[in-house]
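Engineer: Okay, so here is model_33.pdb, and as you'll see once you scroll down, it has PDB, C-alpha atoms.
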```pdb
ATOM      1  CA  MET A  51    -187.747  53.050  46.141
ATOM      2  CA  VAL A  52    -191.131  53.704  44.623
ATOM      3  CA  GLY A  53    -189.648  56.906  43.221
ATOM      4  CA  GLY A  54    -187.069  54.869  41.329
ATOM      5  CA  LEU A  55    -189.760  52.585  39.923
ATOM      6  CA  PHE A  56    -191.762  55.636  38.916
ATOM      7  CA  ILE A  57    -188.793  57.064  37.011
ATOM      8  CA  ILE A  58    -188.201  53.756  35.228
ATOM      9  CA  ILE A  59    -191.762  53.592  33.959
ATOM     10  CA  THR A  60    -192.487  57.199  33.130
ATOM     11  CA  SER A  61    -189.333  58.690  31.675
ATOM     12  CA  GLN A  62    -188.687  58.300  27.983
ATOM     13  CA  ASN A  63    -184.958  58.783  28.098
ATOM     14  CA  TYR A  64    -183.070  55.498  28.371
ATOM     15  CA  LEU A  65    -180.223  56.941  30.437
ATOM     16  CA  LYS A  66    -182.756  58.134  32.989
ATOM     17  CA  LYS A  67    -184.199  54.653  33.112
ATOM     18  CA  VAL A  68    -180.786  53.257  34.040
ATOM     19  CA  VAL A  69    -180.508  55.906  36.769
ATOM     20  CA  GLY A  70    -183.962  54.925  38.041
ATOM     21  CA  LEU A  71    -182.819  51.316  38.298
ATOM     22  CA  ALA A  72    -179.782  52.393  40.346
ATOM     23  CA  ILE A  73    -182.002  54.408  42.710
ATOM     24  CA  PHE A  74    -184.348  51.454  43.140
ATOM     25  CA  GLN A  75    -181.410  49.233  44.091
ATOM     26  CA  THR A  76    -179.906  51.715  46.511
ATOM     27  CA  ALA A  77    -183.205  52.078  48.354
ATOM     28  CA  VAL A  78    -183.309  48.323  48.895
ATOM     29  CA  PHE A  79    -179.723  48.433  50.192
ATOM     30  CA  VAL A  80    -180.599  51.130  52.727
ATOM     31  CA  PHE A  81    -183.501  48.989  53.928
ATOM     32  CA  PHE A  82    -181.233  45.959  54.405
ATOM     33  CA  VAL A  83    -178.603  47.917  56.297
ATOM     34  CA  SER A  84    -181.260  49.461  58.530
ATOM     35  CA  LEU A  85    -182.294  45.926  59.565
ATOM     36  CA  ALA A  86    -178.741  45.340  60.786
ATOM     37  CA  LYS A  87    -178.694  48.293  63.170
ATOM     38  CA  VAL A  88    -178.556  47.599  66.914
ATOM     39  CA  LEU A  89    -179.312  50.499  69.229
ATOM     40  CA  ASP A  90    -176.197  51.559  71.207
ATOM     41  CA  GLY A  91    -174.137  49.202  69.075
ATOM     42  CA  THR A  92    -171.000  50.139  67.150
ATOM     43  CA  ALA A  93    -169.581  49.084  63.817
ATOM     44  CA  PRO A  94    -168.717  45.355  63.785
ATOM     45  CA  ILE A  95    -164.990  45.777  64.398
ATOM     46  CA  LEU A  96    -164.022  43.927  67.561
ATOM     47  CA  THR A  97    -162.569  46.092  70.303
ATOM     48  CA  LYS A  98    -162.436  45.811  74.067
ATOM     49  CA  MET A  99    -164.462  48.953  74.620
ATOM     50  CA  ALA A 100    -167.656  48.075  72.790
ATOM     51  CA  ASN A 101    -170.290  45.777  74.224
ATOM     52  CA  ALA A 102    -172.753  45.581  71.329
ATOM     53  CA  TYR A 103    -172.135  45.396  67.614
ATOM     54  CA  SER A 104    -174.354  45.849  64.589
ATOM     55  CA  ASN A 105    -175.188  42.747  62.640
ATOM     56  CA  PRO A 106    -172.337  42.176  60.131
ATOM     57  CA  LEU A 107    -174.207  39.732  57.906
ATOM     58  CA  PRO A 108    -176.429  42.215  55.972
ATOM     59  CA  HIS A 109    -173.360  44.432  55.556
ATOM     60  CA  VAL A 110    -171.577  41.632  53.715
ATOM     61  CA  LEU A 111    -174.586  40.956  51.518
ATOM     62  CA  ILE A 112    -174.877  44.620  50.615
ATOM     63  CA  LEU A 113    -171.143  44.925  49.895
ATOM     64  CA  THR A 114    -171.559  42.197  47.302
ATOM     65  CA  ALA A 115    -174.780  43.698  45.977
ATOM     66  CA  ILE A 116    -173.327  47.212  45.507
ATOM     67  CA  VAL A 117    -170.532  45.940  43.300
ATOM     68  CA  VAL A 118    -172.914  43.767  41.290
ATOM     69  CA  GLY A 119    -175.262  46.763  40.961
ATOM     70  CA  VAL A 120    -172.488  48.847  39.429
ATOM     71  CA  ALA A 121    -171.745  46.010  37.009
ATOM     72  CA  THR A 122    -175.389  45.880  35.913
ATOM     73  CA  SER A 123    -175.624  49.626  35.436
ATOM     74  CA  ALA A 124    -172.407  49.553  33.381
ATOM     75  CA  LEU A 125    -173.990  46.900  31.164
ATOM     76  CA  GLY A 126    -177.127  49.033  30.858
ATOM     77  CA  LEU A 127    -175.082  52.074  29.876
ATOM     78  CA  ALA A 128    -173.270  50.049  27.213
ATOM     79  CA  LEU A 129    -176.656  48.974  25.840
ATOM     80  CA  VAL A 130    -177.820  52.601  25.771
ATOM     81  CA  LEU A 131    -174.674  53.629  23.877
ATOM     82  CA  GLN A 132    -175.222  50.854  21.340
ATOM     83  CA  ILE A 133    -178.868  51.920  20.906
ATOM     84  CA  TYR A 134    -177.710  55.473  20.289
ATOM     85  CA  LYS A 135    -175.225  54.264  17.694
ATOM     86  CA  ASN A 136    -177.978  52.438  15.805
ATOM     87  CA  TYR A 137    -180.900  54.834  16.084
ATOM     88  CA  GLU A 138    -179.229  58.210  16.785
ATOM     89  CA  THR A 139    -181.696  58.855  19.593
ATOM     90  CA  ILE A 140    -182.340  57.443  23.039
ATOM     91  CA  GLU A 141    -185.926  58.573  23.513
ATOM     92  CA  GLU A 142    -188.351  55.682  23.588
ATOM     93  CA  LYS A 143    -191.149  57.229  21.514
ATOM     94  CA  GLU A 144    -188.794  58.328  18.727
ATOM     95  CA  ILE A 145    -187.309  54.850  18.449
ATOM     96  CA  GLU A 146    -190.821  53.420  18.289
ATOM     97  CA  SER A 147    -191.818  55.702  15.425
ATOM     98  CA  LEU A 148    -188.565  54.939  13.585
ATOM     99  CA  GLU A 149    -189.273  51.223  13.925
ATOM    100  CA  LEU A 150    -192.776  51.660  12.522
ATOM    101  CA  LYS A 151    -191.383  53.622   9.622
ATOM    102  CA  SER A 152    -188.697  51.069   8.760
ATOM    103  CA  ASP A 153    -191.250  48.243   8.817
ATOM    104  CA  LYS A 154    -193.305  49.782   6.031
TER
ATOM    105  CA  MET B  92    -182.732  60.259  69.645
ATOM    106  CA  ASN B  93    -179.980  62.117  67.837
ATOM    107  CA  PHE B  94    -179.408  59.100  65.642
ATOM    108  CA  LEU B  95    -183.030  59.020  64.535
ATOM    109  CA  LEU B  96    -183.080  62.739  63.790
ATOM    110  CA  ILE B  97    -179.972  62.524  61.580
ATOM    111  CA  ASN B  98    -181.427  59.510  59.815
ATOM    112  CA  PHE B  99    -184.721  61.253  59.176
ATOM    113  CA  PHE B 100    -182.935  64.335  57.826
ATOM    114  CA  LEU B 101    -180.745  62.306  55.447
ATOM    115  CA  ILE B 102    -183.647  60.247  54.142
ATOM    116  CA  SER B 103    -185.729  63.342  53.450
ATOM    117  CA  LEU B 104    -182.728  64.732  51.510
ATOM    118  CA  LEU B 105    -182.730  61.480  49.535
ATOM    119  CA  LEU B 106    -186.383  61.982  48.654
ATOM    120  CA  VAL B 107    -185.697  65.554  47.507
ATOM    121  CA  THR B 108    -182.826  64.335  45.296
ATOM    122  CA  THR B 109    -185.025  61.645  43.769
ATOM    123  CA  PHE B 110    -187.672  64.226  42.989
ATOM    124  CA  PHE B 111    -185.153  66.451  41.203
ATOM    125  CA  ILE B 112    -183.709  63.521  39.261
ATOM    126  CA  PHE B 113    -187.277  62.905  38.118
ATOM    127  CA  LYS B 114    -187.741  66.570  37.205
ATOM    128  CA  THR B 115    -184.564  67.471  35.318
ATOM    129  CA  THR B 116    -184.137  66.736  31.634
ATOM    130  CA  SER B 117    -180.468  67.611  31.209
ATOM    131  CA  LEU B 118    -178.517  64.368  31.291
ATOM    132  CA  ILE B 119    -175.378  65.676  32.940
ATOM    133  CA  SER B 120    -177.341  67.096  35.885
ATOM    134  CA  VAL B 121    -179.153  63.772  36.260
ATOM    135  CA  VAL B 122    -175.733  62.124  36.518
ATOM    136  CA  ALA B 123    -174.494  64.687  39.064
ATOM    137  CA  LEU B 124    -177.643  64.233  41.152
ATOM    138  CA  THR B 125    -177.142  60.465  41.090
ATOM    139  CA  GLY B 126    -173.646  60.980  42.473
ATOM    140  CA  ALA B 127    -175.100  63.145  45.235
ATOM    141  CA  PHE B 128    -177.743  60.476  45.900
ATOM    142  CA  THR B 129    -175.207  57.696  46.426
ATOM    143  CA  LEU B 130    -173.018  59.960  48.565
ATOM    144  CA  LEU B 131    -176.019  60.699  50.801
ATOM    145  CA  CYS B 132    -176.615  56.959  50.985
ATOM    146  CA  SER B 133    -173.080  56.394  52.221
ATOM    147  CA  ALA B 134    -173.701  59.022  54.928
ATOM    148  CA  ILE B 135    -176.772  57.020  55.963
ATOM    149  CA  TYR B 136    -174.666  53.854  56.111
ATOM    150  CA  VAL B 137    -172.158  55.547  58.443
ATOM    151  CA  ASN B 138    -175.071  56.618  60.617
ATOM    152  CA  LEU B 139    -176.335  53.029  60.678
ATOM    153  CA  ASP B 140    -172.877  51.720  61.751
ATOM    154  CA  ALA B 141    -172.166  50.040  58.421
ATOM    155  CA  VAL B 142    -168.713  51.524  57.882
ATOM    156  CA  ASP B 143    -167.501  49.022  55.300
ATOM    157  CA  VAL B 144    -170.641  49.446  53.233
ATOM    158  CA  ALA B 145    -170.223  53.220  53.366
ATOM    159  CA  PHE B 146    -166.653  52.890  52.074
ATOM    160  CA  THR B 147    -167.737  50.712  49.195
ATOM    161  CA  GLU B 148    -170.708  52.889  48.322
ATOM    162  CA  ALA B 149    -168.553  56.029  48.306
ATOM    163  CA  ALA B 150    -165.810  54.437  46.204
ATOM    164  CA  VAL B 151    -167.725  52.164  43.858
ATOM    165  CA  GLY B 152    -171.280  53.496  43.828
ATOM    166  CA  SER B 153    -170.520  57.172  43.914
ATOM    167  CA  GLY B 154    -167.082  57.118  42.292
ATOM    168  CA  ILE B 155    -166.877  54.518  39.554
ATOM    169  CA  SER B 156    -170.521  54.495  38.522
ATOM    170  CA  THR B 157    -170.615  58.306  38.302
ATOM    171  CA  ILE B 158    -167.498  58.239  36.107
ATOM    172  CA  LEU B 159    -169.103  55.616  33.859
ATOM    173  CA  MET B 160    -172.286  57.654  33.612
ATOM    174  CA  VAL B 161    -170.393  60.866  32.803
ATOM    175  CA  MET B 162    -168.535  59.017  30.058
ATOM    176  CA  ALA B 163    -171.837  57.749  28.649
ATOM    177  CA  ALA B 164    -173.584  61.122  28.964
ATOM    178  CA  ALA B 165    -170.755  62.857  27.110
ATOM    179  CA  LYS B 166    -171.462  60.704  24.055
ATOM    180  CA  LEU B 167    -175.235  61.035  24.215
ATOM    181  CA  PRO B 168    -177.333  63.986  23.043
ATOM    182  CA  GLU B 169    -178.997  66.380  25.456
ATOM    183  CA  GLY B 170    -182.214  65.022  26.929
ATOM    184  CA  LYS B 171    -185.444  66.365  25.540
ATOM    185  CA  LYS B 172    -188.482  67.512  27.412
ATOM    186  CA  ASN B 173    -190.886  64.796  26.395
ATOM    187  CA  LYS B 174    -194.270  63.790  27.675
ATOM    188  CA  LEU B 175    -194.229  61.217  30.447
ATOM    189  CA  LEU B 176    -195.176  57.713  29.442
ATOM    190  CA  ASN B 177    -197.989  55.724  31.121
ATOM    191  CA  LEU B 178    -198.432  58.332  33.826
ATOM    192  CA  PHE B 179    -201.732  57.163  35.262
ATOM    193  CA  PRO B 180    -201.052  53.397  35.666
ATOM    194  CA  SER B 181    -197.626  54.082  37.132
ATOM    195  CA  ILE B 182    -199.110  56.384  39.785
ATOM    196  CA  ILE B 183    -201.545  53.631  40.765
ATOM    197  CA  LEU B 184    -198.722  51.074  40.840
ATOM    198  CA  ALA B 185    -196.499  53.343  42.949
ATOM    199  CA  VAL B 186    -199.235  54.064  45.493
ATOM    200  CA  ALA B 187    -200.179  50.381  45.728
ATOM    201  CA  ILE B 188    -196.598  49.255  46.256
ATOM    202  CA  SER B 189    -195.943  51.892  48.898
ATOM    203  CA  LEU B 190    -199.114  50.878  50.756
ATOM    204  CA  ILE B 191    -198.027  47.220  50.718
ATOM    205  CA  LEU B 192    -194.544  48.170  51.938
ATOM    206  CA  ILE B 193    -195.956  50.284  54.774
ATOM    207  CA  ILE B 194    -198.146  47.382  55.899
ATOM    208  CA  ILE B 195    -195.112  45.086  55.848
ATOM    209  CA  ILE B 196    -192.949  47.577  57.741
ATOM    210  CA  ALA B 197    -195.565  47.760  60.499
ATOM    211  CA  ASN B 198    -194.963  44.043  61.097
ATOM    212  CA  LEU B 199    -191.166  44.297  61.258
ATOM    213  CA  PRO B 200    -189.283  44.539  64.572
ATOM    214  CA  LEU B 201    -188.423  48.072  65.669
ATOM    215  CA  LEU B 202    -185.303  49.765  64.332
ATOM    216  CA  GLY B 203    -182.325  48.867  66.512
ATOM    217  CA  ASP B 204    -184.097  46.236  68.600
ATOM    218  CA  PRO B 205    -181.291  43.920  69.832
ATOM    219  CA  ASN B 206    -183.685  40.958  70.209
ATOM    220  CA  ALA B 207    -184.919  40.953  66.618
ATOM    221  CA  PRO B 208    -184.722  37.482  65.029
ATOM    222  CA  ILE B 209    -182.054  38.643  62.597
ATOM    223  CA  HIS B 210    -179.592  39.183  65.464
ATOM    224  CA  LEU B 211    -180.158  35.868  67.251
ATOM    225  CA  HIS B 212    -179.125  33.245  64.705
ATOM    226  CA  VAL B 213    -175.562  32.559  63.411
ATOM    227  CA  VAL B 214    -174.329  36.103  64.002
ATOM    228  CA  PRO B 215    -173.458  35.813  67.731
ATOM    229  CA  GLU B 216    -171.178  32.902  66.853
ATOM    230  CA  TYR B 217    -169.535  34.898  64.090
ATOM    231  CA  LEU B 218    -168.902  37.758  66.500
ATOM    232  CA  LYS B 219    -167.496  35.425  69.159
ATOM    233  CA  GLU B 220    -165.409  33.012  67.093
ATOM    234  CA  SER B 221    -164.078  34.916  64.131
ATOM    235  CA  LYS B 222    -161.260  36.641  65.980
ATOM    236  CA  ASP B 223    -159.839  33.331  67.236
ATOM    237  CA  PHE B 224    -160.113  31.759  63.789
ATOM    238  CA  PHE B 225    -158.746  34.472  61.548
ATOM    239  CA  HIS B 226    -157.043  37.001  63.848
ATOM    240  CA  ILE B 227    -158.712  39.919  62.068
ATOM    241  CA  PRO B 228    -160.818  42.237  64.232
ATOM    242  CA  ASN B 229    -163.096  43.284  61.369
ATOM    243  CA  VAL B 230    -165.959  40.792  61.355
ATOM    244  CA  VAL B 231    -167.304  41.992  57.998
ATOM    245  CA  THR B 232    -164.015  41.092  56.314
ATOM    246  CA  ASN B 233    -163.999  37.698  57.997
ATOM    247  CA  ILE B 234    -167.478  36.832  56.779
ATOM    248  CA  LEU B 235    -166.858  38.233  53.294
ATOM    249  CA  ALA B 236    -163.630  36.367  52.700
ATOM    250  CA  SER B 237    -164.039  33.204  54.757
ATOM    251  CA  TYR B 238    -167.501  32.229  55.955
ATOM    252  CA  ARG B 239    -169.170  33.441  52.755
ATOM    253  CA  GLY B 240    -166.181  33.163  50.453
ATOM    254  CA  PHE B 241    -168.126  31.406  47.701
ATOM    255  CA  ASP B 242    -170.538  34.341  47.552
ATOM    256  CA  THR B 243    -167.626  36.612  46.841
ATOM    257  CA  LEU B 244    -166.325  34.217  44.202
ATOM    258  CA  GLY B 245    -169.739  34.299  42.531
ATOM    259  CA  GLU B 246    -169.713  38.083  42.683
ATOM    260  CA  THR B 247    -166.364  38.192  40.911
ATOM    261  CA  ILE B 248    -167.718  35.904  38.204
ATOM    262  CA  VAL B 249    -170.727  38.198  37.752
ATOM    263  CA  ILE B 250    -168.488  41.238  37.393
ATOM    264  CA  PHE B 251    -166.266  39.408  34.920
ATOM    265  CA  THR B 252    -169.290  38.437  32.827
ATOM    266  CA  ALA B 253    -170.632  41.995  32.938
ATOM    267  CA  GLY B 254    -167.237  43.303  31.816
ATOM    268  CA  LEU B 255    -167.196  40.847  28.920
ATOM    269  CA  GLY B 256    -170.717  41.939  27.968
ATOM    270  CA  VAL B 257    -169.781  45.624  28.046
ATOM    271  CA  ILE B 258    -166.731  45.011  25.840
ATOM    272  CA  ALA B 259    -168.754  42.896  23.419
ATOM    273  CA  LEU B 260    -171.492  45.537  23.186
ATOM    274  CA  LEU B 261    -169.164  48.487  22.736
ATOM    275  CA  THR B 262    -166.880  46.934  20.144
ATOM    276  CA  SER B 263    -169.395  45.081  17.969
ATOM    277  CA  ASN B 264    -170.232  46.735  14.670
ATOM    278  CA  THR B 265    -171.997  43.750  13.207
ATOM    279  CA  LEU B 266    -175.441  44.232  14.728
ATOM    280  CA  ASN B 267    -177.608  44.081  11.620
ATOM    281  CA  ARG B 268    -180.158  46.643  12.765
ATOM    282  CA  LYS B 269    -177.563  49.329  12.245
ATOM    283  CA  THR B 270    -176.867  48.529   8.620
ATOM    284  CA  ASN B 271    -180.541  48.114   7.760
ATOM    285  CA  PHE B 272    -181.540  51.293   9.464
ATOM    286  CA  LYS B 273    -178.716  53.390   8.043
ATOM    287  CA  LYS B 274    -179.514  52.156   4.542
ATOM    288  CA  ASN B 275    -183.166  53.084   4.957
ATOM    289  CA  LYS B 276    -182.218  56.504   6.153
ATOM    290  CA  LYS B 277    -179.925  57.093   3.221
ATOM    291  CA  ASN B 278    -182.657  56.015   0.809
ATOM    292  CA  GLU B 279    -185.060  58.491   2.382
ATOM    293  CA  ARG B 280    -182.660  61.291   1.748
TER
END
```
Hey, can you dump this file as structure tokens for me?

Structural biologist:
Amino acid sequence: MVGGLFIIITSQNYLKKVVGLAIFQTAVFVFFVSLAKVLDGTAPILTKMANAYSNPLPHVLILTAIVVGVATSALGLALVLQIYKNYETIEEKEIESLELKSDK
Amino acid sequence: MNFLLINFFLISLLLVTTFFIFKTTSLISVVALTGAFTLLCSAIYVNLDAVDVAFTEAAVGSGISTILMVMAAAKLPEGKKNKLLNLFPSIILAVAISLILIIIIANLPLLGDPNAPIHLHVVPEYLKESKDFFHIPNVVTNILASYRGFDTLGETIVIFTAGLGVIALLTSNTLNRKTNFKKNKKNER
């Protein structure tokens, strides 16, 4: 999770920043699902054989969150494409210098 | 014991993948590594008994989002080897956050403890009642579609809005920055 944050802050490439955001999210998802685990339990599908199930509630939350996460990263990618169309680069420093130049 | 070993192995693989995503500059390999990352995550979910989540992660996270990223990376130029931004403050931030998280994790109930507070409220009733109510053995489906149906409705609205935003962003040619900037560039030449 911290790795994802690190990538977001340090890398200059905007596509890599989007990837860092996705990694950050996925780490949080893994944490949530690990809370739901019950030792010796099985997946929460009711059968006669099993006597303990994992907690289904975090699973539902994460199902929703995964799909929303993909939607956000799609939006981020569209933004990156639009930035590339306008500036012809997606590196942060280059865009900054172009901005400074166009202000003068 | 086996379960913990597999989990440890998969999570260390995740860390290695994250490190290489951080290292590589070529965009298409970053995208491929992200696909591998999400696939590893779905393996972890299977190990943690979250079968439905693993399905979704493999299909949506690792399938659709990788396709989207490949499509974006095909239009973008190759990544350049640039200097890292704000290296020193981000190292401090990362170390501080991981210390805080470790302190918090020490206070959490143990992994797989059946008496943790999360397992005692609401959920036993869901597990007991849902089969009589809906006649579907999969409790996750029951909660997703019935008990927490409004959540799912909200999710659909979010996706719809995101889709609208993507379409609006990709089709708009009227953003004024473009015209200004292109004009400037032509004048320079």

Engineer: Where does the PyMOL selection byres ((chain B) within 6 of (chain A)) land in this file, that is, which residues does it pick, as a list in words?

Structural biologist: Leu139, Asp140, Val144, Leu175, Leu176, Ala185, Gly203, Asp204, Pro205, Pro228, Asn229, Val230, Val231, Leu235, Ile250, Ala253, Val257 and Lys269 of chain B

Engineer: Separation of atom CA of Ile227 of chain B and atom CA of Lys98 of chain A, in Å?

Structural biologist: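 Atom CA of Ile227 of chain B sits 13.9 Å away from atom CA of Lys98 of chain A.
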
Engineer: Please measure the separation of atom CA of Glu144 of chain A and atom CA of Thr109 of chain B, giving the value in Å to one decimal.

Structural biologist: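 Spanning atom CA of Glu144 of chain A to atom CA of Thr109 of chain B is a straight-line distance of 25.5 Å.
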
Engineer: For the file shown, what are the residues hit by the PyMOL selection byres ((chain B and resi 161) around 12), laid out as a PDB file with C-alpha atoms, in the coordinates of the input?

Structural biologist:
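Okay, selection20.pdb is ready:
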```
ATOM      1  CA  LEU A  65    -180.223  56.941  30.437  1.00  0.00           C
ATOM      2  CA  VAL A  69    -180.508  55.906  36.769  1.00  0.00           C
ATOM      3  CA  ALA A 124    -172.407  49.553  33.381  1.00  0.00           C
ATOM      4  CA  LEU A 127    -175.082  52.074  29.876  1.00  0.00           C
TER       5      LEU A 127
ATOM      6  CA  LEU B 118    -178.517  64.368  31.291  1.00  0.00           C
ATOM      7  CA  ILE B 119    -175.378  65.676  32.940  1.00  0.00           C
ATOM      8  CA  SER B 120    -177.341  67.096  35.885  1.00  0.00           C
ATOM      9  CA  VAL B 121    -179.153  63.772  36.260  1.00  0.00           C
ATOM     10  CA  VAL B 122    -175.733  62.124  36.518  1.00  0.00           C
ATOM     11  CA  ALA B 123    -174.494  64.687  39.064  1.00  0.00           C
ATOM     12  CA  LEU B 124    -177.643  64.233  41.152  1.00  0.00           C
ATOM     13  CA  THR B 125    -177.142  60.465  41.090  1.00  0.00           C
ATOM     14  CA  GLY B 126    -173.646  60.980  42.473  1.00  0.00           C
ATOM     15  CA  SER B 153    -170.520  57.172  43.914  1.00  0.00           C
ATOM     16  CA  GLY B 154    -167.082  57.118  42.292  1.00  0.00           C
ATOM     17  CA  ILE B 155    -166.877  54.518  39.554  1.00  0.00           C
ATOM     18  CA  SER B 156    -170.521  54.495  38.522  1.00  0.00           C
ATOM     19  CA  THR B 157    -170.615  58.306  38.302  1.00  0.00           C
ATOM     20  CA  ILE B 158    -167.498  58.239  36.107  1.00  0.00           C
ATOM     21  CA  LEU B 159    -169.103  55.616  33.859  1.00  0.00           C
ATOM     22  CA  MET B 160    -172.286  57.654  33.612  1.00  0.00           C
ATOM     23  CA  MET B 162    -168.535  59.017  30.058  1.00  0.00           C
ATOM     24  CA  ALA B 163    -171.837  57.749  28.649  1.00  0.00           C
ATOM     25  CA  ALA B 164    -173.584  61.122  28.964  1.00  0.00           C
ATOM     26  CA  ALA B 165    -170.755  62.857  27.110  1.00  0.00           C
ATOM     27  CA  LYS B 166    -171.462  60.704  24.055  1.00  0.00           C
ATOM     28  CA  LEU B 167    -175.235  61.035  24.215  1.00  0.00           C
TER      29      LEU B 167
END
```
